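This is target.cif (mmCIF, C-alpha atoms).
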data_upload
#
loop_
_atom_site.label_atom_id
_atom_site.label_comp_id
_atom_site.auth_asym_id
_atom_site.auth_seq_id
_atom_site.Cartn_x
_atom_site.Cartn_y
_atom_site.Cartn_z
CA MET A 165 7.56 1.88 -14.14
CA ARG A 166 11.21 2.64 -14.73
CA ILE A 167 14.07 2.56 -12.27
CA ASP A 168 17.29 4.54 -12.80
CA THR A 169 20.27 3.78 -10.61
CA ARG A 170 22.86 6.26 -9.36
CA THR A 171 25.59 5.98 -6.75
CA ILE A 172 26.70 8.86 -4.54
CA ASP A 173 29.21 8.40 -1.70
CA GLY A 174 28.64 4.64 -1.77
CA ILE A 175 24.88 5.00 -1.41
CA THR A 176 22.77 3.52 -4.20
CA ILE A 177 19.95 5.82 -5.21
CA LEU A 178 17.08 4.28 -7.10
CA ASP A 179 15.07 6.90 -8.96
CA VAL A 180 11.66 5.34 -9.47
CA HIS A 181 9.45 6.71 -12.24
CA GLY A 182 5.82 5.89 -12.95
CA ARG A 183 3.38 3.83 -10.95
CA ILE A 184 3.81 1.30 -8.17
CA THR A 185 0.52 -0.55 -8.32
CA ILE A 186 -0.90 -4.04 -8.52
CA GLY A 187 0.67 -5.84 -11.45
CA GLU A 188 3.01 -3.00 -12.22
CA GLY A 189 6.55 -2.52 -11.09
CA SER A 190 6.84 -5.08 -8.32
CA VAL A 191 9.04 -7.45 -10.34
CA GLU A 192 11.39 -4.66 -11.43
CA MET A 193 11.84 -3.41 -7.88
CA ARG A 194 12.46 -6.87 -6.46
CA ASN A 195 14.93 -7.79 -9.18
CA LYS A 196 16.79 -4.54 -8.78
CA LEU A 197 17.07 -4.98 -5.01
CA ARG A 198 18.18 -8.59 -5.33
CA GLU A 199 20.84 -7.53 -7.80
CA LEU A 200 22.11 -4.77 -5.49
CA LEU A 201 22.13 -6.95 -2.38
CA GLN A 202 23.99 -9.71 -4.21
CA ALA A 203 26.59 -7.15 -5.26
CA GLY A 204 26.98 -6.16 -1.61
CA LYS A 205 25.31 -2.77 -2.08
CA LYS A 206 23.22 -2.57 1.02
CA ASP A 207 22.67 1.14 1.58
CA ILE A 208 19.77 2.09 -0.62
CA LEU A 209 17.83 5.31 -1.04
CA LEU A 210 14.53 4.98 -2.88
CA ASN A 211 13.64 8.24 -4.59
CA LEU A 212 9.86 8.33 -5.05
CA GLY A 213 9.65 11.94 -6.24
CA ASP A 214 8.61 10.96 -9.74
CA VAL A 215 6.16 8.25 -8.74
CA SER A 216 2.77 9.16 -10.15
CA TYR A 217 0.51 6.69 -8.36
CA VAL A 218 0.77 4.14 -5.55
CA ASP A 219 -2.01 1.81 -4.41
CA SER A 220 -2.15 -0.52 -1.39
CA SER A 221 -0.14 -3.14 -3.31
CA GLY A 222 2.49 -0.51 -3.99
CA ILE A 223 2.65 0.34 -0.30
CA GLY A 224 3.01 -3.40 0.37
CA GLU A 225 5.80 -3.51 -2.17
CA LEU A 226 7.67 -0.73 -0.36
CA VAL A 227 7.29 -2.71 2.87
CA SER A 228 8.63 -5.84 1.14
CA CYS A 229 11.60 -3.89 -0.15
CA TYR A 230 12.25 -2.61 3.34
CA THR A 231 12.14 -6.06 4.95
CA THR A 232 14.23 -7.63 2.17
CA VAL A 233 16.98 -5.06 2.61
CA THR A 234 16.97 -4.98 6.42
CA ASN A 235 16.92 -8.80 6.63
CA GLN A 236 20.15 -8.78 4.63
CA GLY A 237 21.70 -6.31 7.04
CA GLY A 238 21.16 -3.34 4.73
CA ARG A 239 19.39 0.00 5.10
CA LEU A 240 16.60 1.29 2.91
CA LYS A 241 15.43 4.87 3.22
CA LEU A 242 12.91 6.91 1.27
CA LEU A 243 13.39 10.22 -0.51
CA HIS A 244 10.92 12.80 -1.86
CA LEU A 245 7.65 11.24 -0.79
CA THR A 246 4.69 12.75 -2.57
CA LYS A 247 1.94 14.12 -0.35
CA LYS A 248 -0.33 11.22 -1.24
CA VAL A 249 2.27 8.52 -0.54
CA GLN A 250 3.12 10.24 2.72
CA GLU A 251 -0.55 10.15 3.67
CA LEU A 252 -0.88 6.47 2.76
CA LEU A 253 2.17 5.62 4.86
CA ALA A 254 0.97 7.77 7.76
CA ILE A 255 -2.51 6.21 7.85
CA THR A 256 -1.03 2.73 8.18
CA LYS A 257 1.62 3.84 10.71
CA LEU A 258 4.42 3.10 8.27
CA LEU A 259 6.00 6.52 8.63
CA THR A 260 7.23 5.16 11.95
CA VAL A 261 8.94 2.29 10.10
CA PHE A 262 10.49 4.13 7.17
CA GLU A 263 13.11 6.79 7.50
CA SER A 264 12.25 9.41 4.89
CA TYR A 265 13.88 12.59 3.68
CA GLU A 266 13.00 15.65 1.65
CA ASP A 267 16.59 16.54 0.87
CA GLU A 268 18.88 14.20 -1.04
CA LYS A 269 22.11 15.46 0.54
CA LYS A 270 20.71 15.05 4.04
CA ALA A 271 19.43 11.60 3.13
CA ILE A 272 22.86 10.53 1.89
CA ALA A 273 24.60 12.04 4.92
CA SER A 274 22.22 10.15 7.22
CA PHE A 275 23.78 6.84 6.16
CA SER A 276 27.12 7.88 7.74
CA GLU A 277 25.62 9.04 11.03
CA MET B 140 -0.95 11.08 -9.52
CA THR B 141 -1.90 9.31 -12.69
CA ARG B 142 -3.10 11.82 -15.21
CA PHE B 143 -6.41 11.13 -16.80
CA LEU B 144 -7.11 13.34 -19.73
CA TYR B 145 -10.36 14.90 -18.60
CA ASP B 146 -10.01 17.60 -21.17
CA ASP B 147 -10.37 15.03 -23.93
CA TYR B 148 -13.83 14.21 -22.65
CA ASP B 149 -15.13 17.77 -22.27
CA LEU B 150 -16.80 16.95 -18.98
CA THR B 151 -18.00 20.32 -17.79
CA PRO B 152 -18.92 20.20 -14.11
CA LEU B 153 -22.69 20.23 -13.90
CA GLY B 154 -23.05 22.12 -10.64
CA ASP B 155 -25.85 20.74 -8.50
CA VAL B 156 -26.99 17.65 -10.36
CA THR B 157 -28.69 15.99 -7.45
CA HIS B 158 -32.16 17.30 -8.31
CA ARG B 159 -31.92 15.50 -11.64
CA THR B 160 -31.35 12.11 -10.06
CA SER B 161 -34.49 11.53 -8.08
CA GLN B 162 -34.21 7.80 -8.77
CA ALA B 163 -31.53 7.95 -6.11
CA GLU B 164 -29.72 4.68 -5.59
CA LYS B 165 -31.85 2.87 -8.15
CA GLY B 166 -30.33 4.91 -10.92
CA GLY B 167 -26.81 5.86 -11.83
CA ILE B 168 -24.28 4.15 -14.01
CA GLU B 169 -23.37 0.49 -14.00
CA ILE B 170 -20.40 -1.04 -15.73
CA SER B 171 -19.47 -4.69 -15.86
CA PHE B 172 -16.26 -6.24 -17.08
CA ALA B 173 -14.22 -9.43 -17.06
CA SER B 174 -11.78 -10.11 -14.21
CA ASP B 175 -8.77 -8.47 -15.79
CA LEU B 176 -6.64 -5.94 -13.92
CA ARG B 177 -6.18 -3.95 -17.14
CA TYR B 178 -9.69 -2.59 -16.63
CA LEU B 179 -8.65 -0.83 -13.42
CA ASP B 180 -7.60 2.24 -15.34
CA VAL B 181 -10.89 2.31 -17.24
CA ILE B 182 -12.97 2.15 -14.10
CA GLN B 183 -10.84 4.79 -12.46
CA VAL B 184 -11.44 7.17 -15.35
CA VAL B 185 -15.17 6.62 -14.88
CA SER B 186 -14.88 7.26 -11.16
CA ASP B 187 -12.87 10.43 -11.74
CA SER B 188 -15.37 11.65 -14.32
CA ILE B 189 -18.30 11.16 -11.96
CA THR B 190 -16.64 12.76 -8.96
CA ARG B 191 -15.60 15.65 -11.19
CA MET B 192 -19.16 16.01 -12.45
CA LEU B 193 -20.27 16.16 -8.81
CA ASN B 194 -17.69 18.86 -8.04
CA PHE B 195 -15.89 16.90 -5.36
CA ASP B 196 -12.65 18.59 -4.34
CA ASP B 197 -9.40 17.22 -5.79
CA ASP B 198 -8.34 15.26 -2.72
CA THR B 199 -11.73 13.63 -2.34
CA ARG B 200 -11.77 12.68 -6.01
CA TYR B 201 -8.35 11.12 -5.64
CA TRP B 202 -9.28 9.08 -2.57
CA VAL B 203 -12.66 7.99 -3.94
CA GLY B 204 -10.86 6.88 -7.12
CA MET B 205 -8.36 4.93 -5.08
CA SER B 206 -11.14 3.30 -3.03
CA VAL B 207 -12.87 2.19 -6.22
CA ARG B 208 -9.59 0.88 -7.56
CA GLU B 209 -8.87 -1.05 -4.36
CA SER B 210 -12.38 -2.54 -4.29
CA VAL B 211 -12.19 -3.62 -7.91
CA THR B 212 -8.72 -5.09 -7.32
CA ASN B 213 -10.12 -7.10 -4.42
CA ALA B 214 -13.08 -8.26 -6.52
CA ILE B 215 -10.82 -9.41 -9.36
CA LEU B 216 -8.02 -10.94 -7.28
CA HIS B 217 -9.63 -12.26 -4.11
CA GLY B 218 -13.27 -12.53 -5.18
CA ASN B 219 -13.11 -13.86 -8.71
CA LYS B 220 -9.57 -15.24 -8.31
CA MET B 221 -8.60 -13.73 -11.68
CA ASP B 222 -11.04 -16.04 -13.47
CA GLU B 223 -11.83 -14.11 -16.64
CA GLU B 224 -15.08 -16.02 -17.01
CA LYS B 225 -16.28 -14.24 -13.90
CA ARG B 226 -17.38 -10.63 -14.00
CA VAL B 227 -17.19 -7.58 -11.80
CA TRP B 228 -19.96 -4.99 -11.62
CA VAL B 229 -19.42 -1.42 -10.52
CA ARG B 230 -22.37 0.88 -10.01
CA PHE B 231 -22.23 4.58 -9.24
CA ALA B 232 -25.49 5.91 -7.82
CA ILE B 233 -25.99 9.57 -7.12
CA ASP B 234 -28.34 10.03 -4.21
CA ALA B 235 -29.66 13.34 -2.92
CA ASP B 236 -26.78 13.88 -0.54
CA ARG B 237 -24.23 11.20 -1.37
CA LEU B 238 -22.46 9.23 -4.04
CA VAL B 239 -22.91 5.51 -3.47
CA ILE B 240 -20.61 3.05 -5.21
CA TYR B 241 -21.24 -0.67 -5.36
CA VAL B 242 -18.63 -3.21 -6.42
CA ARG B 243 -19.85 -6.77 -6.85
CA ASP B 244 -18.02 -9.95 -7.77
CA GLN B 245 -18.86 -13.62 -8.29
CA GLY B 246 -16.55 -14.97 -5.62
CA ALA B 247 -17.15 -16.97 -2.46
CA GLY B 248 -16.93 -13.92 -0.24
CA PHE B 249 -15.12 -13.47 3.05
CA ASP B 250 -15.72 -12.50 6.64
CA VAL B 251 -14.72 -8.85 6.95
CA SER B 252 -14.59 -9.10 10.75
CA LYS B 253 -11.78 -11.63 10.48
CA LEU B 254 -9.43 -9.41 8.50
CA PRO B 255 -6.21 -8.73 10.41
CA ASN B 256 -5.77 -5.17 11.65
CA PRO B 257 -2.92 -3.64 9.60
CA LEU B 258 -2.13 -1.25 12.47
CA ASP B 259 -1.40 -4.08 14.89
CA PRO B 260 2.39 -3.96 15.47
CA LYS B 261 2.71 -7.61 14.46
CA ASN B 262 1.07 -6.81 11.10
CA LEU B 263 2.87 -3.55 10.30
CA LEU B 264 5.43 -5.20 8.06
CA ARG B 265 3.04 -7.49 6.24
CA PRO B 266 3.21 -6.93 2.49
CA SER B 267 -0.58 -7.03 2.09
CA GLY B 268 -3.82 -6.41 3.95
CA ARG B 269 -4.14 -2.63 3.74
CA GLY B 270 -6.62 -2.16 0.90
CA ILE B 271 -9.86 -2.41 2.85
CA PHE B 272 -8.37 -0.35 5.65
CA TYR B 273 -7.66 2.45 3.16
CA ILE B 274 -11.16 2.20 1.70
CA ARG B 275 -12.66 2.54 5.18
CA THR B 276 -10.45 5.52 5.88
CA PHE B 277 -11.32 7.40 2.69
CA MET B 278 -15.03 6.65 2.34
CA ASP B 279 -17.73 7.83 4.74
CA ASP B 280 -19.49 4.49 5.06
CA VAL B 281 -18.42 1.04 3.86
CA ARG B 282 -20.45 -2.16 4.09
CA TYR B 283 -19.75 -5.65 2.83
CA SER B 284 -22.44 -8.18 2.18
CA GLN B 285 -22.69 -11.64 0.73
CA LEU B 286 -25.43 -11.75 -1.84
CA ASP B 287 -28.15 -14.40 -1.87
CA GLU B 288 -27.51 -15.00 -5.55
CA GLY B 289 -23.81 -15.54 -4.82
CA GLY B 290 -20.89 -13.16 -4.83
CA MET B 291 -19.78 -10.39 -2.54
CA GLU B 292 -20.75 -6.75 -2.71
CA VAL B 293 -19.15 -3.73 -1.15
CA ARG B 294 -21.25 -0.59 -0.79
CA MET B 295 -19.22 2.58 -0.28
CA GLU B 296 -20.61 6.03 0.14
CA LYS B 297 -19.17 9.49 0.02
CA ARG B 298 -21.30 12.37 1.15
CA LEU B 299 -21.62 15.31 -1.18
CA ASN B 300 -20.44 17.81 1.43
CA ASN B 301 -16.93 17.21 0.07
CA ARG B 302 -17.76 19.30 -2.95
CA VAL B 303 -16.30 22.53 -4.17
CA LYS B 304 -19.06 25.07 -4.74
CA SER B 305 -19.34 25.83 -8.43
CA ASP B 306 -19.80 29.42 -9.65
CA GLN B 307 -23.28 28.47 -10.74
CA GLU B 308 -24.22 27.29 -7.27
CA GLY B 309 -22.63 30.35 -5.71
CA GLU B 310 -24.77 32.60 -7.86
CA ALA B 311 -27.87 30.55 -7.12
CA ASN B 312 -27.22 30.89 -3.41
CA ALA B 313 -26.60 34.62 -3.76
CA ASN B 314 -29.99 35.00 -5.39
#
As structure tokens, the full file:
Amino acid sequence: MRIDTRTIDGITILDVHGRITIGEGSVEMRNKLRELLQAGKKDILLNLGDVSYVDSSGIGELVSCYTTVTNQGGRLKLLHLTKKVQELLAITKLLTVFESYEDEKKAIASFSE
Amino acid sequence: MTRFLYDDYDLTPLGDVTHRTSQAEKGGIEISFASDLRYLDVIQVVSDSITRMLNFDDDTRYWVGMSVRESVTNAILHGNKMDEEKRVWVRFAIDADRLVIYVRDQGAGFDVSKLPNPLDPKNLLRPSGRGIFYIRTFMDDVRYSQLDEGGMEVRMEKRLNNRVKSDQEGEANAN
């Protein structure tokens, strides 16, 4: 897994590449979020468009990211969910928890609404 | 989705292979390995090869593969507690009308009925506890049993009506 970081209009966009599975990627995501939160960057958009595989641990990791950010008074939203990730989130009723977007501009604009 | 290089294996779909496996659940393929998460990818390639051979449609192959992966993860992590001295067995049995997959570990087992419901609002934000729920969603029948000789076994089945008809079968039906 690789995470690239961009900032647009004060929103931090994390472009996640590769897999989010058991034993893969969880440390990177947690460290990255901790780093951002410590720097006061609390509006985060997680771009999952280039994520090739997610298992139940990966879904759990997304939930952990969400709770970590919201507990610190931040907002974490999802961008470009693949069909499979969308299905995994839907089955476990997590689409009701996460705010997710198909369009990056709309996702960024949603933070100022 | 993770790409497995099927083309490297030259696994031509066999069409209707069920008549060649009259041994039903006694037969099939069994693989055993040490409790190391690195083997997850290996076992998933095997799963994908078998479901491809059986002409399951793409979505079904994906979800069966994920169910196998989740079961093996549970066996390694929760069953064998990552003890590399302990092994995991995975068996794929092709029955007349279904693919049956067994995953067995050498752990103490657990009471499936006591697993928290991940859809319960108080559990929605828990970081774990969704694996078995996904397996039950994607497979047609899932049963857990504690074995007399020790260890836990999950038996998962997927019926073969999730298959794409091959050209060969289409022609056979037309005749």
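Every residue of chain A that lies within 6 Å of chain B is listed here, counting only C-alpha atoms: Ser216, Tyr217, Ser220, Gly224, Val227, Ser228 and Thr256 of chain A.
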Go ahead and save the picked residues with C-alpha atoms, as a PDB file, keeping the file's coordinate frame.
ATOM      1  CA  SER A 216       2.770   9.160 -10.150  1.00  0.00           C
ATOM      2  CA  TYR A 217       0.510   6.690  -8.360  1.00  0.00           C
ATOM      3  CA  SER A 220      -2.150  -0.520  -1.390  1.00  0.00           C
ATOM      4  CA  GLY A 224       3.010  -3.400   0.370  1.00  0.00           C
ATOM      5  CA  VAL A 227       7.290  -2.710   2.870  1.00  0.00           C
ATOM      6  CA  SER A 228       8.630  -5.840   1.140  1.00  0.00           C
ATOM      7  CA  THR A 256      -1.030   2.730   8.180  1.00  0.00           C
TER       8      THR A 256
END
- Test item: the PyMOL selection byres ((chain A and resi 269) around 12) resolved as a list in words: Ile172, Asp173, Ile175, Ile177, Leu209, Leu243, His244, Tyr265, Glu266, Asp267, Glu268, Lys270, Ala271, Ile272, Ala273, Ser274, Phe275 and Ser276 of chain A
So the first atom is atom CA of A:Ile223 and the second is atom CA of A:Thr260; what is the distance between them in Å, to one decimal place?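 Result for atom CA of A:Ile223 versus atom CA of A:Thr260: 13.9 Å, one decimal.
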| said: If we draw a sphere of 8 Å around (21.1, -3.8, 4.2), which residues have at least one atom in it when counting all atoms listed in the file? Please report them as an MDAnalysis selection string. | reply: chainID A and resid 201 205:208 233:240
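Using all atoms listed in the file, the nearest neighbour of B:Phe172 within the list B:Ser186, B:Ser252, B:Asn219, B:Asn194 is B:Asn219.
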Q.
Please compute the atom CA of B:Asn300-atom CA of B:Leu238 distance, one decimal, in Å.
A.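 The value is 10.4 Å.
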From atom CA of A:Leu200 to atom CA of A:Thr231 the spacing works out at 14.5 Å
Using all atoms listed in the file, the best pick from A:Asp219, A:Glu277, A:Glu225, A:Glu251 as closest to A:Glu192 would be A:Glu225
- Item | Explicit residue set for the PyMOL selection byres ((chain A and resi 178-189) around 6), as a list in words |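 Checking the PyMOL selection byres ((chain A and resi 178-189) around 6) against this file, the residues are Met165, Arg166, Ile167, Asp168, Thr169, Ile177, Ser190, Val191, Glu192, Leu210, Asn211, Leu212, Asp214, Val215, Ser216, Tyr217, Val218, Asp219, Ser221 and Gly222 of chain A.
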Output C-alpha atoms for every residue in that selection, as a short mmCIF file (atom, residue, chain, number, x, y, z; two decimals), in the coordinates of the input.
data_model
loop_
_atom_site.label_atom_id
_atom_site.label_comp_id
_atom_site.auth_asym_id
_atom_site.auth_seq_id
_atom_site.Cartn_x
_atom_site.Cartn_y
_atom_site.Cartn_z
CA MET A 165 7.56 1.88 -14.14
CA ARG A 166 11.21 2.64 -14.73
CA ILE A 167 14.07 2.56 -12.27
CA ASP A 168 17.29 4.54 -12.80
CA THR A 169 20.27 3.78 -10.61
CA ILE A 177 19.95 5.82 -5.21
CA SER A 190 6.84 -5.08 -8.32
CA VAL A 191 9.04 -7.45 -10.34
CA GLU A 192 11.39 -4.66 -11.43
CA LEU A 210 14.53 4.98 -2.88
CA ASN A 211 13.64 8.24 -4.59
CA LEU A 212 9.86 8.33 -5.05
CA ASP A 214 8.61 10.96 -9.74
CA VAL A 215 6.16 8.25 -8.74
CA SER A 216 2.77 9.16 -10.15
CA TYR A 217 0.51 6.69 -8.36
CA VAL A 218 0.77 4.14 -5.55
CA ASP A 219 -2.01 1.81 -4.41
CA SER A 221 -0.14 -3.14 -3.31
CA GLY A 222 2.49 -0.51 -3.99
#
In terms of only C-alpha atoms, the residue from B:Met291, B:Ala235, B:Met278, B:Val185 at minimal distance from B:Asp250 is B:Met291
Which neighbours of stretch 294-297 of chain B fall inside 7 Å, counting only C-alpha atoms, when residues of the same chain fewer than 3 positions from it are skipped, and could you give them as a PyMOL selection string?
chain B and resi 237-242+278-283
Target residues per the PyMOL selection byres ((chain B and resi 182) around 9), formatted as a short mmCIF file (atom, residue, chain, number, x, y, z; two decimals) with C-alpha atoms, in the coordinates of the input:
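part_4.cif, written as the output of this step:
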data_model
loop_
_atom_site.label_atom_id
_atom_site.label_comp_id
_atom_site.auth_asym_id
_atom_site.auth_seq_id
_atom_site.Cartn_x
_atom_site.Cartn_y
_atom_site.Cartn_z
CA ILE B 170 -20.40 -1.04 -15.73
CA TYR B 178 -9.69 -2.59 -16.63
CA LEU B 179 -8.65 -0.83 -13.42
CA ASP B 180 -7.60 2.24 -15.34
CA VAL B 181 -10.89 2.31 -17.24
CA GLN B 183 -10.84 4.79 -12.46
CA VAL B 184 -11.44 7.17 -15.35
CA VAL B 185 -15.17 6.62 -14.88
CA SER B 186 -14.88 7.26 -11.16
CA ASP B 187 -12.87 10.43 -11.74
CA GLY B 204 -10.86 6.88 -7.12
CA VAL B 207 -12.87 2.19 -6.22
CA ARG B 208 -9.59 0.88 -7.56
CA VAL B 211 -12.19 -3.62 -7.91
CA VAL B 229 -19.42 -1.42 -10.52
#
To box stretch 244-262 of chain A, take all atoms listed in the file, fit an axis-aligned box, add 5 Å on each side, and give centre and edge lengths in Å to one decimal, as lines of an AutoDock Vina configuration file.
center_x = 4.2
center_y = 8.2
center_z = 4.7
size_x = 23.4
size_y = 21.8
size_z = 24.5
| message | as a VMD selection string, please: the residues near B:Glu169 (cut-off 7 Å, all atoms listed in the file, same-chain neighbours under 5 positions excluded). | response | chain B and resid 228 to 231
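Nearest to A:Leu226 of all the residues A:Gln202, A:Met193, A:Ala254, A:Thr176 is A:Met193, based on only C-alpha atoms.
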Using all atoms listed in the file, the best pick from B:Asp222, B:Glu292, B:Asp234, B:Asp197 as closest to B:Ser174 would be B:Asp222
Please return stretch 215-238 of chain A, rebuilt to N, CA and C atoms, as a JSON list (two decimals), in the frame of the given file.
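Contents of result.json, freshly written:
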[["chain", "number", "residue", "atom", "x", "y", "z"],
["A", 215, "VAL", "N", 7.15, 9.33, -8.72],
["A", 215, "VAL", "CA", 6.16, 8.25, -8.74],
["A", 215, "VAL", "C", 4.78, 8.87, -8.84],
["A", 216, "SER", "N", 4.04, 8.48, -9.87],
["A", 216, "SER", "CA", 2.77, 9.16, -10.15],
["A", 216, "SER", "C", 1.59, 8.56, -9.39],
["A", 217, "TYR", "N", 1.66, 7.30, -9.04],
["A", 217, "TYR", "CA", 0.51, 6.69, -8.36],
["A", 217, "TYR", "C", 0.98, 5.46, -7.59],
["A", 218, "VAL", "N", 0.46, 5.32, -6.36],
["A", 218, "VAL", "CA", 0.77, 4.14, -5.55],
["A", 218, "VAL", "C", -0.54, 3.64, -4.95],
["A", 219, "ASP", "N", -0.81, 2.36, -5.06],
["A", 219, "ASP", "CA", -2.01, 1.81, -4.41],
["A", 219, "ASP", "C", -1.58, 0.96, -3.20],
["A", 220, "SER", "N", -2.51, 0.24, -2.60],
["A", 220, "SER", "CA", -2.15, -0.52, -1.39],
["A", 220, "SER", "C", -1.11, -1.60, -1.71],
["A", 221, "SER", "N", -1.16, -2.15, -2.93],
["A", 221, "SER", "CA", -0.14, -3.14, -3.31],
["A", 221, "SER", "C", 1.23, -2.48, -3.40],
["A", 222, "GLY", "N", 1.24, -1.26, -3.90],
["A", 222, "GLY", "CA", 2.49, -0.51, -3.99],
["A", 222, "GLY", "C", 3.07, -0.22, -2.62],
["A", 223, "ILE", "N", 2.19, 0.12, -1.68],
["A", 223, "ILE", "CA", 2.65, 0.34, -0.30],
["A", 223, "ILE", "C", 3.22, -0.97, 0.24],
["A", 224, "GLY", "N", 2.52, -2.08, -0.05],
["A", 224, "GLY", "CA", 3.01, -3.40, 0.37],
["A", 224, "GLY", "C", 4.36, -3.71, -0.24],
["A", 225, "GLU", "N", 4.54, -3.27, -1.47],
["A", 225, "GLU", "CA", 5.80, -3.51, -2.17],
["A", 225, "GLU", "C", 6.94, -2.73, -1.48],
["A", 226, "LEU", "N", 6.65, -1.51, -1.07],
["A", 226, "LEU", "CA", 7.67, -0.73, -0.36],
["A", 226, "LEU", "C", 8.05, -1.43, 0.95],
["A", 227, "VAL", "N", 7.03, -1.99, 1.63],
["A", 227, "VAL", "CA", 7.29, -2.71, 2.87],
["A", 227, "VAL", "C", 8.16, -3.94, 2.59],
["A", 228, "SER", "N", 7.83, -4.66, 1.50],
["A", 228, "SER", "CA", 8.63, -5.84, 1.14],
["A", 228, "SER", "C", 10.08, -5.47, 0.86],
["A", 229, "CYS", "N", 10.24, -4.36, 0.13],
["A", 229, "CYS", "CA", 11.60, -3.89, -0.15],
["A", 229, "CYS", "C", 12.35, -3.62, 1.15],
["A", 230, "TYR", "N", 11.65, -2.96, 2.06],
["A", 230, "TYR", "CA", 12.25, -2.61, 3.34],
["A", 230, "TYR", "C", 12.70, -3.86, 4.10],
["A", 231, "THR", "N", 11.79, -4.85, 4.18],
["A", 231, "THR", "CA", 12.14, -6.06, 4.95],
["A", 231, "THR", "C", 13.24, -6.86, 4.24],
["A", 232, "THR", "N", 13.18, -6.90, 2.92],
["A", 232, "THR", "CA", 14.23, -7.63, 2.17],
["A", 232, "THR", "C", 15.60, -7.05, 2.48],
["A", 233, "VAL", "N", 15.69, -5.72, 2.40],
["A", 233, "VAL", "CA", 16.98, -5.06, 2.61],
["A", 233, "VAL", "C", 17.44, -5.19, 4.06],
["A", 234, "THR", "N", 16.54, -4.94, 5.01],
["A", 234, "THR", "CA", 16.97, -4.98, 6.42],
["A", 234, "THR", "C", 17.32, -6.41, 6.85],
["A", 235, "ASN", "N", 16.59, -7.40, 6.29],
["A", 235, "ASN", "CA", 16.92, -8.80, 6.63],
["A", 235, "ASN", "C", 18.31, -9.20, 6.15],
["A", 236, "GLN", "N", 18.81, -8.49, 5.15],
["A", 236, "GLN", "CA", 20.15, -8.78, 4.63],
["A", 236, "GLN", "C", 21.19, -7.85, 5.27],
["A", 237, "GLY", "N", 20.78, -7.20, 6.33],
["A", 237, "GLY", "CA", 21.70, -6.31, 7.04],
["A", 237, "GLY", "C", 21.91, -4.97, 6.36],
["A", 238, "GLY", "N", 21.03, -4.62, 5.43],
["A", 238, "GLY", "CA", 21.16, -3.34, 4.73],
["A", 238, "GLY", "C", 20.23, -2.28, 5.30]]
